[in-house]
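Text of the file target-v6.tsv, holding TSV, C-alpha atoms and all ligand atoms:
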chain	number	residue	atom	x	y	z
A	1	MET	CA	5.22	-2.43	-19.95
A	2	SER	CA	4.13	-3.26	-16.44
A	3	ALA	CA	6.57	-4.99	-14.16
A	4	LEU	CA	3.56	-6.98	-12.97
A	5	ALA	CA	2.76	-8.50	-16.31
A	6	ILE	CA	4.19	-11.79	-15.09
A	7	SER	CA	3.19	-13.05	-11.66
A	8	ALA	CA	6.10	-14.37	-9.69
A	9	PRO	CA	5.87	-16.92	-6.87
A	10	LEU	CA	6.96	-15.70	-3.46
A	11	ALA	CA	10.12	-17.19	-2.08
A	12	PHE	CA	8.83	-18.77	1.12
A	13	PRO	CA	11.53	-20.08	3.40
A	14	PRO	CA	11.64	-23.90	3.13
A	15	LEU	CA	10.50	-24.43	6.72
A	16	VAL	CA	7.21	-22.60	6.24
A	17	ARG	CA	6.50	-23.69	2.70
A	18	ALA	CA	4.55	-26.71	3.93
A	19	LEU	CA	2.28	-24.50	6.04
A	20	ALA	CA	1.69	-21.73	3.55
A	21	PRO	CA	-0.17	-21.87	0.28
A	22	LEU	CA	1.80	-21.23	-2.90
A	23	VAL	CA	1.12	-17.54	-3.37
A	24	THR	CA	1.64	-15.41	-6.45
A	25	LEU	CA	1.60	-11.63	-6.74
A	26	GLY	CA	0.12	-9.66	-9.59
A	27	ALA	CA	-2.02	-6.74	-10.59
A	28	GLU	CA	-5.53	-6.77	-9.12
A	29	ALA	CA	-8.20	-7.76	-11.63
A	30	SER	CA	-11.43	-5.77	-11.93
A	31	HIS	CA	-13.52	-8.79	-10.89
A	32	GLU	CA	-11.60	-9.00	-7.58
A	33	ALA	CA	-12.97	-5.74	-6.13
A	34	SER	CA	-15.66	-7.37	-3.98
A	35	ALA	CA	-13.26	-10.06	-2.74
A	36	ARG	CA	-10.79	-7.32	-1.82
A	37	GLU	CA	-13.39	-5.38	0.16
A	38	ALA	CA	-14.48	-8.54	2.00
A	39	LEU	CA	-10.85	-9.37	2.82
A	40	LEU	CA	-10.30	-5.86	4.19
A	41	ASP	CA	-13.41	-6.16	6.36
A	42	ARG	CA	-12.16	-9.48	7.77
A	43	ALA	CA	-8.61	-8.23	8.36
A	44	MET	CA	-9.32	-4.71	9.63
A	45	GLY	CA	-12.95	-4.56	10.72
A	46	PRO	CA	-15.56	-1.91	9.94
A	47	GLY	CA	-13.52	0.88	11.57
A	48	ARG	CA	-11.23	0.93	8.55
A	49	ARG	CA	-13.59	3.29	6.74
A	50	ARG	CA	-13.24	5.94	9.45
A	51	LYS	CA	-9.48	6.35	9.12
A	52	ALA	CA	-8.00	9.66	7.96
A	53	SER	CA	-6.38	7.86	5.04
A	54	GLU	CA	-9.82	7.01	3.73
A	55	ALA	CA	-10.44	10.70	3.09
A	56	LEU	CA	-7.51	10.62	0.65
A	57	ARG	CA	-8.92	7.61	-1.19
A	58	ARG	CA	-12.65	8.28	-1.23
A	59	GLY	CA	-13.96	8.95	-4.74
A	60	ARG	CA	-10.54	8.47	-6.33
A	61	LEU	CA	-8.98	5.76	-8.45
A	62	PRO	CA	-5.75	4.11	-7.30
A	63	ALA	CA	-2.49	5.07	-8.99
A	64	GLU	CA	-1.92	3.40	-12.33
A	65	GLY	CA	-0.56	-0.14	-11.98
A	66	LEU	CA	-0.42	0.07	-8.19
A	67	SER	CA	-3.33	-2.14	-7.13
A	68	LEU	CA	-1.63	-5.39	-6.18
A	69	ALA	CA	-3.10	-8.75	-5.29
A	70	ALA	CA	-1.72	-11.90	-3.70
A	71	ARG	CA	-3.49	-15.12	-4.74
A	72	ASP	CA	-3.25	-18.71	-3.55
A	73	GLU	CA	-3.12	-21.83	-5.72
A	74	ALA	CA	-6.91	-21.76	-6.16
A	75	ASP	CA	-6.64	-18.17	-7.44
A	76	THR	CA	-8.35	-16.90	-4.30
A	77	LEU	CA	-7.37	-13.41	-3.14
A	78	VAL	CA	-5.31	-13.68	0.06
A	79	GLY	CA	-3.65	-10.26	0.18
A	80	THR	CA	-4.07	-6.74	-1.11
A	81	VAL	CA	-2.27	-3.42	-1.22
A	82	ARG	CA	-3.03	-0.27	-3.22
A	83	LEU	CA	-1.35	3.10	-3.64
A	84	TRP	CA	-2.90	6.47	-4.39
A	85	ASN	CA	-1.72	9.70	-5.93
A	86	VAL	CA	-1.40	12.55	-3.44
A	87	ALA	CA	0.33	15.88	-3.00
A	88	ALA	CA	2.69	15.70	-0.03
A	89	GLY	CA	2.34	19.09	1.59
A	90	ASP	CA	1.65	22.70	0.68
A	91	ASP	CA	4.18	22.77	-2.16
A	92	GLY	CA	2.25	19.96	-3.85
A	93	ALA	CA	5.12	17.52	-4.15
A	94	PRO	CA	3.68	14.53	-6.09
A	95	ALA	CA	3.64	11.40	-3.96
A	96	LEU	CA	1.78	8.18	-3.30
A	97	LEU	CA	-0.28	7.14	-0.29
A	98	LEU	CA	0.09	3.41	0.41
A	99	GLY	CA	-2.78	1.47	1.92
A	100	PRO	CA	-4.65	-0.39	2.99
A	101	LEU	CA	-2.34	-3.38	3.15
A	102	ALA	CA	-3.93	-6.56	4.43
A	103	VAL	CA	-3.51	-10.32	4.37
A	104	ASP	CA	-6.40	-12.72	4.94
A	105	PRO	CA	-6.29	-13.60	8.66
A	106	ALA	CA	-7.19	-17.21	7.79
A	107	VAL	CA	-3.95	-17.68	5.84
A	108	PRO	CA	-0.84	-18.84	7.75
A	109	ARG	CA	1.61	-16.01	8.46
A	110	ALA	CA	4.39	-16.59	5.98
A	111	GLY	CA	5.67	-13.33	4.56
A	112	ILE	CA	2.79	-12.40	2.26
A	113	GLY	CA	2.43	-8.89	3.69
A	114	SER	CA	6.16	-8.28	3.40
A	115	ALA	CA	6.22	-9.58	-0.16
A	116	LEU	CA	3.35	-7.25	-1.09
A	117	MET	CA	5.24	-4.33	0.44
A	118	ARG	CA	8.44	-5.11	-1.43
A	119	ARG	CA	6.57	-5.51	-4.70
A	120	ALA	CA	4.62	-2.27	-4.17
A	121	ILE	CA	7.79	-0.30	-3.47
A	122	ALA	CA	9.57	-1.79	-6.48
A	123	GLU	CA	6.60	-1.15	-8.76
A	124	ALA	CA	6.29	2.46	-7.56
A	125	GLN	CA	9.98	3.03	-8.23
A	126	PHE	CA	9.72	1.36	-11.65
A	127	ARG	CA	6.91	3.75	-12.55
A	128	GLY	CA	8.94	6.83	-11.67
A	129	HIS	CA	7.42	7.72	-8.31
A	130	ARG	CA	9.84	9.46	-6.00
A	131	ALA	CA	8.47	8.74	-2.52
A	132	ILE	CA	5.79	6.90	-0.52
A	133	VAL	CA	3.93	7.92	2.63
A	134	LEU	CA	1.61	5.91	4.89
A	135	VAL	CA	0.00	5.68	8.31
A	136	GLY	CA	0.89	2.45	10.05
A	137	ASP	CA	2.87	0.63	12.72
A	138	PRO	CA	6.53	1.71	12.62
A	139	GLY	CA	7.49	-1.73	13.94
A	140	PHE	CA	6.31	-3.23	10.67
A	141	TYR	CA	7.15	-0.54	8.12
A	142	GLU	CA	10.58	0.56	9.27
A	143	ARG	CA	11.99	-2.71	7.88
A	144	PHE	CA	11.10	-1.42	4.40
A	145	GLY	CA	12.83	1.92	4.98
A	146	PHE	CA	9.88	4.02	6.16
A	147	SER	CA	10.48	6.52	8.94
A	148	ALA	CA	8.49	9.09	10.89
A	149	GLU	CA	11.32	11.55	10.33
A	150	ARG	CA	10.63	11.70	6.58
A	151	ALA	CA	7.01	12.70	7.24
A	152	ALA	CA	7.56	14.82	10.34
A	153	ALA	CA	6.17	18.05	8.84
A	154	LEU	CA	3.26	16.46	6.95
A	155	VAL	CA	-0.33	16.41	8.18
A	156	MET	CA	-3.21	14.03	7.41
A	157	PRO	CA	-6.69	15.42	6.61
A	158	GLY	CA	-8.14	14.13	9.89
A	159	PRO	CA	-7.05	12.74	13.25
A	160	PHE	CA	-3.84	10.70	13.10
A	161	GLU	CA	-1.06	9.59	15.43
A	162	ARG	CA	2.09	11.56	14.58
A	163	HIS	CA	4.47	8.64	15.21
A	164	ARG	CA	2.52	6.46	12.76
A	165	LEU	CA	2.74	8.86	9.78
A	166	LEU	CA	5.73	7.51	7.87
A	167	GLY	CA	7.59	8.39	4.70
A	168	LEU	CA	9.95	6.64	2.31
A	169	GLU	CA	12.03	8.44	-0.31
A	170	LEU	CA	12.47	6.38	-3.47
A	171	ASP	CA	14.56	9.22	-4.82
A	172	PRO	CA	16.82	10.76	-2.14
A	173	GLY	CA	15.52	14.14	-1.02
A	174	ALA	CA	12.06	13.65	-2.55
A	175	LEU	CA	10.38	14.48	0.77
A	176	SER	CA	12.93	17.08	1.81
A	177	GLY	CA	11.05	20.21	2.85
A	178	ALA	CA	7.65	18.53	2.38
A	179	ALA	CA	5.38	20.25	4.92
A	180	GLY	CA	1.66	20.74	5.39
A	181	LEU	CA	-1.48	18.88	4.42
A	182	ILE	CA	-1.46	15.70	2.34
A	183	ARG	CA	-4.11	16.07	-0.37
A	184	PRO	CA	-5.60	13.63	-2.90
A	185	THR	CA	-4.62	14.19	-6.53
A	186	GLY	CA	-5.68	10.95	-8.23
A	187	ARG	CA	-8.31	10.86	-10.95
A	188	ARG	CA	-11.87	10.91	-9.67
A	189	ALA	CA	-13.63	7.56	-9.98
A	190	SER	CA	-16.83	9.17	-11.27
A	191	ALA	CA	-15.02	11.18	-13.96
A	192	THR	CA	-13.55	8.16	-15.68
A	193	GLY	CA	-16.49	5.80	-16.06
A	194	GLY	CA	-14.43	3.21	-14.22
A	195	ARG	CA	-11.36	3.45	-16.46
A	196	ARG	CA	-7.94	3.19	-14.87
A	197	PRO	CA	-6.04	6.43	-14.18
A	198	ARG	CA	-3.14	7.44	-16.39
A	199	ALA	CA	0.42	7.18	-15.15
A	200	PRO	CA	1.14	10.14	-12.83
A	201	GLY	CA	4.64	10.86	-14.02
A	202	HIS	CA	7.19	11.49	-11.33
A	203	ALA	CA	5.57	11.23	-7.92
A	204	ALA	CA	6.37	10.14	-4.41
A	205	SER	CA	4.45	7.34	-2.62
A	206	VAL	CA	2.58	7.31	0.88
A	207	ALA	CA	1.10	4.18	2.76
A	208	SER	CA	-1.82	4.11	5.23
A	209	PHE	CA	-4.03	1.78	7.33
B	301	LIG	C1	0.12	-6.34	8.83
B	301	LIG	C2	-0.07	-7.51	7.86
B	301	LIG	C3	-0.38	-6.98	6.47
B	301	LIG	C4	1.26	-8.28	7.81
B	301	LIG	O1	1.10	-9.32	6.87
B	301	LIG	P1	1.80	-10.73	7.17
B	301	LIG	O2	1.69	-11.56	5.93
B	301	LIG	O3	1.29	-11.26	8.44
B	301	LIG	O4	3.28	-10.23	7.37
B	301	LIG	P2	4.60	-11.06	7.34
B	301	LIG	O5	4.35	-12.53	7.43
B	301	LIG	O6	5.34	-10.56	6.17
B	301	LIG	O7	5.25	-10.58	8.72
B	301	LIG	C5	6.48	-9.97	8.75
B	301	LIG	C6	6.78	-9.52	10.16
B	301	LIG	O8	5.98	-8.38	10.50
B	301	LIG	C7	5.53	-8.52	11.84
B	301	LIG	N1	4.30	-7.74	11.97
B	301	LIG	C8	3.09	-8.00	11.43
B	301	LIG	N2	2.22	-7.03	11.78
B	301	LIG	C9	2.91	-6.15	12.54
B	301	LIG	C10	2.57	-4.94	13.21
B	301	LIG	N3	1.33	-4.44	13.14
B	301	LIG	N4	3.53	-4.30	13.91
B	301	LIG	C11	4.79	-4.77	13.97
B	301	LIG	N5	5.16	-5.92	13.36
B	301	LIG	C12	4.23	-6.59	12.66
B	301	LIG	C13	5.37	-10.00	12.00
B	301	LIG	O9	5.38	-10.34	13.36
B	301	LIG	C14	6.60	-10.53	11.27
B	301	LIG	O10	7.69	-10.39	12.12
B	301	LIG	P3	9.00	-11.33	11.99
B	301	LIG	O11	9.52	-11.16	10.60
B	301	LIG	O12	9.93	-10.78	13.01
B	301	LIG	O13	8.52	-12.71	12.25
B	301	LIG	C15	-1.18	-8.48	8.32
B	301	LIG	O14	-0.88	-8.95	9.61
B	301	LIG	C16	-2.55	-7.87	8.32
B	301	LIG	O15	-3.27	-7.94	7.31
B	301	LIG	N6	-2.98	-7.26	9.44
B	301	LIG	C17	-4.32	-6.68	9.54
B	301	LIG	C18	-4.41	-5.43	8.70
B	301	LIG	C19	-3.45	-4.37	9.19
B	301	LIG	O16	-3.34	-4.10	10.36
B	301	LIG	N7	-2.77	-3.72	8.24
B	301	LIG	C20	-1.90	-2.62	8.50
B	301	LIG	C21	-0.76	-2.91	9.38
B	301	LIG	S1	-0.14	-1.41	10.16
Written as structure tokens, how would this file's structure read?
Ligand SMILES: CC(C)(COP(=O)(O)OP(=O)(O)OC[C@H]1O[C@@H](n2cnc3c(N)ncnc32)[C@H](O)[C@@H]1OP(=O)(O)O)[C@@H](O)C(=O)NCCC(=O)NCCS
Amino acid sequence: MSALAISAPLAFPPLVRALAPLVTLGAEASHEASAREALLDRAMGPGRRRKASEALRRGRLPAEGLSLAARDEADTLVGTVRLWNVAAGDDGAPALLLGPLAVDPAVPRAGIGSALMRRAIAEAQFRGHRAIVLVGDPGFYERFGFSAERAAALVMPGPFERHRLLGLELDPGALSGAAGLIRPTGRRASATGGRRPRAPGHAASVASF
């Protein structure tokens, strides 16, 4: 059973509750794909499609149960994060790539991005994944336990800034010895007729922007 079967309201601090919409987190619905793409364009701009992480996502389906949405009281999508099956290095250690993560820039800053991150990490752990990797700002992701040290010997399939490639072990030692190219391993979108991928078993997780 998915841990996301029941949407839970975010616990906004009382002082910002009046400024922020009541936001719930849950699994992304299939009809929200176009809203998600529009949100990503607004939050990140057109350059988002040229990132090295995109090469790990293109033509693949996200990891089972790891497409998350944040919605306001009107059920409008205000935040998104997805994770993708990858092999972390030459030994093929199963892992997840996290990203993109984005919150609608029109929504007051009130912890939605952090709540999406915490839910994504918890859901990945619940599903048996052993680690997560991502490309992003250390100043934001270190608070969730990500570090450049965990991904120091890994390489993205395209230009990337070394200090922004970060890893998080959900299971201690899961990224120990992981070295070499990060490769996509998720089910191909075209091979499934749009069906969701099956659970990947025991994998590690990676995030990217
Ligand atoms: C990054 C993003 C998802 C954060 O969402 P959010 O809802 O604004 O985040 P929160 O309200 O949970 O902010 C938590 C903290 O992270 C900080 N923060 C946000 N973006 C940051 C960044 N790029 N680097 C460092 N810190 C950052 C905030 O200042 C805040 O700090 P505080 O707790 O000390 O006040 C959102 O700003 C966004 O969509 N940005 C554009 C897309 C993007 O750049 N995504 C990838 C980020 S690497």
Selected residue of minimal separation from ligand LIG 301 (chain B) among A:Arg57, A:Arg183, A:Arg188, A:Arg36, counting only C-alpha atoms and all ligand atoms: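 Of A:Arg57, A:Arg183, A:Arg188, A:Arg36, the one nearest ligand LIG 301 (chain B), counting only C-alpha atoms and all ligand atoms, is A:Arg36.
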How many Å separate atom CA of Ser190 of chain A from atom CA of Ile121 of chain A?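 Taking atom CA of Ser190 of chain A as the start and atom CA of Ile121 of chain A as the end point, the length is 27.5 Å.
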Please return as a PDB file with C-alpha atoms, in the coordinates of the input the residues found within 9 Å of ligand LIG 301 (chain B), counting all atoms listed in the file.
ATOM      1  CA  LEU A  39     -10.850  -9.370   2.820  1.00  0.00           C
ATOM      2  CA  LEU A  40     -10.300  -5.860   4.190  1.00  0.00           C
ATOM      3  CA  ARG A  42     -12.160  -9.480   7.770  1.00  0.00           C
ATOM      4  CA  ALA A  43      -8.610  -8.230   8.360  1.00  0.00           C
ATOM      5  CA  MET A  44      -9.320  -4.710   9.630  1.00  0.00           C
ATOM      6  CA  GLY A  45     -12.950  -4.560  10.720  1.00  0.00           C
ATOM      7  CA  GLY A  79      -3.650 -10.260   0.180  1.00  0.00           C
ATOM      8  CA  THR A  80      -4.070  -6.740  -1.110  1.00  0.00           C
ATOM      9  CA  VAL A  81      -2.270  -3.420  -1.220  1.00  0.00           C
ATOM     10  CA  GLY A  99      -2.780   1.470   1.920  1.00  0.00           C
ATOM     11  CA  PRO A 100      -4.650  -0.390   2.990  1.00  0.00           C
ATOM     12  CA  LEU A 101      -2.340  -3.380   3.150  1.00  0.00           C
ATOM     13  CA  ALA A 102      -3.930  -6.560   4.430  1.00  0.00           C
ATOM     14  CA  VAL A 103      -3.510 -10.320   4.370  1.00  0.00           C
ATOM     15  CA  ASP A 104      -6.400 -12.720   4.940  1.00  0.00           C
ATOM     16  CA  PRO A 105      -6.290 -13.600   8.660  1.00  0.00           C
ATOM     17  CA  VAL A 107      -3.950 -17.680   5.840  1.00  0.00           C
ATOM     18  CA  PRO A 108      -0.840 -18.840   7.750  1.00  0.00           C
ATOM     19  CA  ARG A 109       1.610 -16.010   8.460  1.00  0.00           C
ATOM     20  CA  ALA A 110       4.390 -16.590   5.980  1.00  0.00           C
ATOM     21  CA  GLY A 111       5.670 -13.330   4.560  1.00  0.00           C
ATOM     22  CA  ILE A 112       2.790 -12.400   2.260  1.00  0.00           C
ATOM     23  CA  GLY A 113       2.430  -8.890   3.690  1.00  0.00           C
ATOM     24  CA  SER A 114       6.160  -8.280   3.400  1.00  0.00           C
ATOM     25  CA  ALA A 115       6.220  -9.580  -0.160  1.00  0.00           C
ATOM     26  CA  LEU A 116       3.350  -7.250  -1.090  1.00  0.00           C
ATOM     27  CA  MET A 117       5.240  -4.330   0.440  1.00  0.00           C
ATOM     28  CA  VAL A 135       0.000   5.680   8.310  1.00  0.00           C
ATOM     29  CA  GLY A 136       0.890   2.450  10.050  1.00  0.00           C
ATOM     30  CA  ASP A 137       2.870   0.630  12.720  1.00  0.00           C
ATOM     31  CA  PRO A 138       6.530   1.710  12.620  1.00  0.00           C
ATOM     32  CA  GLY A 139       7.490  -1.730  13.940  1.00  0.00           C
ATOM     33  CA  PHE A 140       6.310  -3.230  10.670  1.00  0.00           C
ATOM     34  CA  TYR A 141       7.150  -0.540   8.120  1.00  0.00           C
ATOM     35  CA  ARG A 143      11.990  -2.710   7.880  1.00  0.00           C
ATOM     36  CA  ARG A 164       2.520   6.460  12.760  1.00  0.00           C
ATOM     37  CA  SER A 208      -1.820   4.110   5.230  1.00  0.00           C
ATOM     38  CA  PHE A 209      -4.030   1.780   7.330  1.00  0.00           C
TER      39      PHE A 209
END
Work out how far atom CA of Glu37 of chain A is from atom CA of Ala88 of chain A, in Å to one decimal.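 Between atom CA of Ala88 of chain A and atom CA of Glu37 of chain A the gap works out to 26.5 Å.
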Contacts of Lys51 of chain A within 9 Å, all atoms listed in the file, excl. fewer than 2 positions in-chain, as a list in words: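 That gives Gly47, Arg48, Arg49, Ser53, Glu54, Ala55, Gly158, Pro159, Phe160, Ser208 and Phe209 of chain A.
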Quote the spacing between atom CA of Ala122 of chain A and atom CA of Ala70 of chain A in Å to one decimal place.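 So the answer is 15.4 Å.
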With only C-alpha atoms counted, which protein, DNA or RNA residues have an atom no more than 12 Å from (-13.4, -8.5, -7.0) in the file frame? Please answer as a list in words.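 All residues meeting the 12 Å criterion around (-13.4, -8.5, -7.0) are Glu28, Ala29, Ser30, His31, Glu32, Ala33, Ser34, Ala35, Arg36, Glu37, Ala38, Leu39, Leu40, Ser67, Ala69, Asp75, Thr76, Leu77, Val78 and Thr80 of chain A.
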Quick one: of A:Thr24, A:Asn85, A:Ser176, A:Gln125, who's nearest to Asp72 of chain A, counting only C-alpha atoms?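 Answer, going by the shortest atom-to-atom distance: A:Thr24.
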